[in-house]
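*Asks:* A single structure is presented below for examination.
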There are 2 protein chains.
Amino acid sequence: MAIFKEPEAMIENRLLAKIPKKEYKQLAPDLEQVTLSLAEVLYKPGDSFRHVYFPNTAIVSLLSTPVEGSADLGVSVVGNEGMVGLSVFLGVKTSLNRVIVQGEGTAIRMKASALQRHFNHGGPLQHALQRYTHALLTQISQTVACTRFHLIEERLLCWLLMTHDRMLSDEIRIKHEFISSLLGVRREAITRALSDMQKKKLISYSREKITILDRTELEVAACKCYGIVKKEYDQYLGL
Amino acid sequence: MAIFKEPEAMIENRLLAKIPKKEYKQLAPDLEQVTLSLAEVLYKPGDSFRHVYFPNTAIVSLLSTPVEGSADLGVSVVGNEGMVGLSVFLGVKTSLNRVIVQGEGTAIRMKASALQRHFNHGGPLQHALQRYTHALLTQISQTVACTRFHLIEERLLCWLLMTHDRMLSDEIRIKHEFISSLLGVRREAITRALSDMQKKKLISYSREKITILDRTELEVAACKCYGIVKKEYDQYLGL
DNA sequence: TCAACTCTGTGCGCTATCGCGCTGATAAGT
DNA sequence: ACTTATCAGCGCGATAGCGCACAGAGTTGA
């Protein structure tokens with residue numbers, strides 16, 4: 001039931017793909033493919049940026065930390081459409097968000113210093129990063145309202161769809177506890193919501209695994225926030 | 001009880017002030033001082049950008065609209081430290097946020113096309129706007145967690161402090177209803193919170209007017225979100 | 001000066017969500 | 001195969017905040 005996806009386009013990071021081959025060759029020495037494993041922490045608040053990451057099959061979450069030590073809350077999902085460590089592009093040296101891996105997979109890692117050298121040349125990378133910044137702003141901004149006004153089930157649907165968009169498979173490997181911390185709700189609330197969704201045959205799930213069954217109906221049940229953010233990302237990607 | 005503020009620095013927009021005089025002269029023909037009146041709408045979602053605004057004494061709110069027509073929710077306060085219409089800088093033509101004036105005052109208006117011409121030159125304006133983008137991202141990101149986890153009273157304190165920082169006076173002219181829509185809560189909740197704060201002698205208020213009495217204690221009572229965001233803005237402004 | 005309007009104050013029942021405790025199910029390791 | 005650890009399911013009382021209804025206070029205008 002997954003929507004159509006071109007395999008190649010999915011495997012390679014789409015932001016990097018926008019860079020013309022000539023320039024890409026210049027970047028190559030500073031690039032390195034890495035595997036990001038589940039729950040790995042890429043940055044903690046206050047960390048200096050050593051690298052930025054362009055996810056391929058990996059999926060990453062940006063978290064906002066209300067106060068040192070307290071529970072955080074997911075503000076954005078980043079997959080092959082984006083980059084993690086955007087602050088480097090914006091001229092900032094340390095991370096404010098906590099960034100963790102929510103879906104195991106590969107990513108291209110680039111030295112932060114290399115990014116700084118290259119984006120100053122102007123050109124397509126800079127333009128793409130600016131557009132991406134806007135898409136991210138839109139997503140986070142939408143998340144504020146969504147988190148405030150929408151029911152847990154709607155928000156969960158939103159998250160499922162955004163995650164699914166960044167995956168090849170219909171099977172998401174994650175535990176309820178993890179999702180609950182991303183959405184900033186209790187673990188039990190996720191269990192309830194998933195259980196209801198399974199009754200409606202939208203998904204099926206078992207221990208540490210959720211399977212998307214009816215993508216179309218999921219989109220109907222999710223709040224409009226998903227569509228608003230998706231549209232912005234599609235525009236940025238030139239779709 | 002207001003913290004010390006240099007009058008000149010407060011009156012002039014600090015982002016524009018970063019531009020060297022030479023370049024500023026080039027910009028001058030595209031600049032125009034305007035008065036923004038209370039509750040004026042600068043952009044609606046979907047509007048094309050004709051101008052960007054650099055507030056002087058005016059204070060403006062960026063709102064996130066969860067769904068067409070429903071209640072919005074404030075995600076950022078912009079005063080003389082920033083610019084409204086940042087999306088233009090990021091290469092986007094239409095606004096996603098609703099933007100309204102929460103404090104009457106003056107601003108410098110610039111044609112969107114002029115901004116596009118000038119920021120491409122690189123230079124200090126581009127750098128300042130990038131840093132400002134980061135500060136804004138921080139603020140919105142923090143707002144997500146704050147809105148989710150913190151009590152109405154704490155959030156109100158946060159808003160009061162951020163607004164006060166962007167003002168010359170200790171007197172804020174606004175009605176409870178207006179604040180409630182910015183924070184995404186009921187009008188009555190604001191009345192309650194203000195009433196409690198008045199009992200504690202932190203503020204005093206009457207119809208459409210709130211007076212800051214004890215700024216220091218306000219900062220103590222507010223959630224840490226205020227400090228986190230403030231620090232980021234101070235760094236961006238080079239303080 | 002009086003009426004009309006707008007803004008603020010207050011009480012009451014309702015709901016989504018939380019916090020906690022506990023049980024049952026599934027996986028992993030010796 | 002049996003123990004242990006981890007993950008998921010479920011019920012119950014507590015609570016922050018909502019929605020509504022209405023009363024009082026402060027403006028504005030004829």
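Chain labels follow the order of the structure tokens: the first chain is A, the next B, and so on; residue numbering restarts at 1 in every chain, and ligands are counted from 1 in their shown order.
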Please, which residues of chain B lie no more than 10 Å from chain D when the count uses only C-alpha atoms (C1' of nucleotides), and can they be set out as a ChimeraX atom specification?

*Replies:* /B:151-152,185-186,189,206-207

*Asks:* Would you output that residue set with N, CA and C atoms, as a PDB file, in the first residue's frame?

*Replies:*
```
ATOM      1  N   LEU B 151       3.327  25.337  32.377  1.00  0.00           N
ATOM      2  CA  LEU B 151       2.032  25.862  32.805  1.00  0.00           C
ATOM      3  C   LEU B 151       1.756  27.197  32.133  1.00  0.00           C
ATOM      4  N   ILE B 152       0.484  27.520  32.065  1.00  0.00           N
ATOM      5  CA  ILE B 152       0.073  28.761  31.426  1.00  0.00           C
ATOM      6  C   ILE B 152       0.774  29.956  32.062  1.00  0.00           C
ATOM      7  N   VAL B 185      -4.545  29.681  24.514  1.00  0.00           N
ATOM      8  CA  VAL B 185      -5.327  29.247  25.673  1.00  0.00           C
ATOM      9  C   VAL B 185      -6.591  30.110  25.767  1.00  0.00           C
ATOM     10  N   ARG B 186      -7.434  29.809  26.774  1.00  0.00           N
ATOM     11  CA  ARG B 186      -8.669  30.572  26.936  1.00  0.00           C
ATOM     12  C   ARG B 186      -8.368  31.958  27.488  1.00  0.00           C
ATOM     13  N   ALA B 189      -8.079  32.031  31.286  1.00  0.00           N
ATOM     14  CA  ALA B 189      -6.837  31.522  31.871  1.00  0.00           C
ATOM     15  C   ALA B 189      -5.818  32.651  32.030  1.00  0.00           C
ATOM     16  N   SER B 206      -4.677  46.800  34.569  1.00  0.00           N
ATOM     17  CA  SER B 206      -6.053  47.281  34.489  1.00  0.00           C
ATOM     18  C   SER B 206      -6.477  47.089  33.034  1.00  0.00           C
ATOM     19  N   ARG B 207      -7.648  47.525  32.718  1.00  0.00           N
ATOM     20  CA  ARG B 207      -8.198  47.318  31.378  1.00  0.00           C
ATOM     21  C   ARG B 207      -7.198  47.659  30.265  1.00  0.00           C
TER      22      ARG B 207
END
```

*Asks:* Give me, as a list of chain:residue names, the residues of chain C touching chain B, with the criterion being at most 10 Å (counting only C-alpha atoms (C1' of nucleotides)).

*Replies:* C:DC7, C:DT8, C:DG9, C:DT10

*Asks:* Could you list, as a VMD selection string, every residue of chain A that has an atom within 9 Å of an atom of chain B, counting only C-alpha atoms?

*Replies:* chain A and resid 63 to 67 72 to 75 86 to 87 89 to 92 96 to 97 120 122 127 129 to 134 136 to 138 140 to 150 184 223 to 225 228

*Asks:* What does the file look like for those residues with C-alpha atoms, as a PDB file, in the first residue's frame?

*Replies:*
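Okay, again-v1.pdb is ready:
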```
ATOM      1  CA  LEU A  63      14.522  17.197  19.726  1.00  0.00           C
ATOM      2  CA  SER A  64      13.828  20.347  21.658  1.00  0.00           C
ATOM      3  CA  THR A  65      14.976  20.284  25.266  1.00  0.00           C
ATOM      4  CA  PRO A  66      12.760  22.446  27.473  1.00  0.00           C
ATOM      5  CA  VAL A  67      15.171  22.335  30.371  1.00  0.00           C
ATOM      6  CA  ASP A  72      12.698  16.392  25.324  1.00  0.00           C
ATOM      7  CA  LEU A  73      10.236  16.504  22.499  1.00  0.00           C
ATOM      8  CA  GLY A  74      10.609  15.861  18.775  1.00  0.00           C
ATOM      9  CA  VAL A  75      10.300  18.915  16.564  1.00  0.00           C
ATOM     10  CA  LEU A  86      21.873  22.951   9.681  1.00  0.00           C
ATOM     11  CA  SER A  87      23.148  25.393  12.277  1.00  0.00           C
ATOM     12  CA  PHE A  89      25.213  26.541   7.573  1.00  0.00           C
ATOM     13  CA  LEU A  90      23.699  29.342   9.629  1.00  0.00           C
ATOM     14  CA  GLY A  91      27.069  30.225  11.121  1.00  0.00           C
ATOM     15  CA  VAL A  92      26.617  28.684  14.543  1.00  0.00           C
ATOM     16  CA  LEU A  96      20.962  23.460  20.678  1.00  0.00           C
ATOM     17  CA  ASN A  97      18.860  20.473  19.814  1.00  0.00           C
ATOM     18  CA  ASN A 120      30.184  30.268   0.887  1.00  0.00           C
ATOM     19  CA  GLY A 122      27.020  30.530  -3.315  1.00  0.00           C
ATOM     20  CA  HIS A 127      20.290  27.812  -2.458  1.00  0.00           C
ATOM     21  CA  LEU A 129      20.121  24.736   2.005  1.00  0.00           C
ATOM     22  CA  GLN A 130      18.208  27.988   2.216  1.00  0.00           C
ATOM     23  CA  ARG A 131      15.113  26.351   0.845  1.00  0.00           C
ATOM     24  CA  TYR A 132      15.620  23.440   3.190  1.00  0.00           C
ATOM     25  CA  THR A 133      15.920  25.837   6.118  1.00  0.00           C
ATOM     26  CA  HIS A 134      12.545  27.223   5.180  1.00  0.00           C
ATOM     27  CA  LEU A 136      12.405  23.001   8.426  1.00  0.00           C
ATOM     28  CA  LEU A 137      11.097  26.279   9.838  1.00  0.00           C
ATOM     29  CA  THR A 138       7.698  25.407   8.445  1.00  0.00           C
ATOM     30  CA  ILE A 140       8.797  23.176  13.427  1.00  0.00           C
ATOM     31  CA  SER A 141       6.375  26.054  13.324  1.00  0.00           C
ATOM     32  CA  GLN A 142       3.574  23.676  12.406  1.00  0.00           C
ATOM     33  CA  THR A 143       4.632  21.337  15.177  1.00  0.00           C
ATOM     34  CA  VAL A 144       3.997  24.065  17.740  1.00  0.00           C
ATOM     35  CA  ALA A 145       0.341  24.343  16.796  1.00  0.00           C
ATOM     36  CA  CYS A 146      -0.062  20.620  16.207  1.00  0.00           C
ATOM     37  CA  THR A 147       1.357  19.730  19.593  1.00  0.00           C
ATOM     38  CA  ARG A 148      -0.871  22.263  21.253  1.00  0.00           C
ATOM     39  CA  PHE A 149      -4.215  21.573  19.596  1.00  0.00           C
ATOM     40  CA  HIS A 150      -4.335  18.097  18.149  1.00  0.00           C
ATOM     41  CA  GLY A 184       6.057  14.156  24.509  1.00  0.00           C
ATOM     42  CA  CYS A 223      -4.356  16.104  10.967  1.00  0.00           C
ATOM     43  CA  LYS A 224      -3.869  18.590   8.160  1.00  0.00           C
ATOM     44  CA  CYS A 225      -0.468  19.444   9.568  1.00  0.00           C
ATOM     45  CA  ILE A 228       0.865  21.430   5.004  1.00  0.00           C
TER      46      ILE A 228
END
```

*Asks:* Using DSSP assignments from the backbone, pull out every residue in stretch 200-236 of chain A that falls under strand (DSSP E or B) and give it to me as number ranges by chain.

*Replies:* A: 203-206, 209-212

*Asks:* Dump C-alpha atoms for the selected residues as a PDB file, in the first residue's frame?

*Replies:*
```pdb
ATOM      1  CA  ILE A 203      -1.847  -0.553  10.740  1.00  0.00           C
ATOM      2  CA  SER A 204      -0.832  -3.736  12.423  1.00  0.00           C
ATOM      3  CA  TYR A 205       1.774  -3.983  15.097  1.00  0.00           C
ATOM      4  CA  SER A 206       3.633  -6.273  17.411  1.00  0.00           C
ATOM      5  CA  LYS A 209       7.303  -3.242  14.967  1.00  0.00           C
ATOM      6  CA  ILE A 210       4.582  -1.244  13.248  1.00  0.00           C
ATOM      7  CA  THR A 211       3.370  -2.105   9.749  1.00  0.00           C
ATOM      8  CA  ILE A 212       1.578   0.417   7.562  1.00  0.00           C
TER       9      ILE A 212
END
```

*Asks:* Quick check, in Å to one decimal: how far apart do atom CA of B:Asp30 and atom CA of B:Tyr233 lie?

*Replies:*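 Atom CA of B:Tyr233 lies 26.8 Å from atom CA of B:Asp30.
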
*Asks:* Running DSSP on the backbone, which parts of chain A land in alpha helix (DSSP H), as a ChimeraX atom specification?

*Replies:* /A:7-11,21-27,86-89,112-119,123-149,152-165,176-183,187-199,215-221,225-236

*Asks:* How many Å lie between atom CA of A:Gly82 and atom CA of A:Tyr226, rounded to one decimal?

*Replies:* 16.9 Å
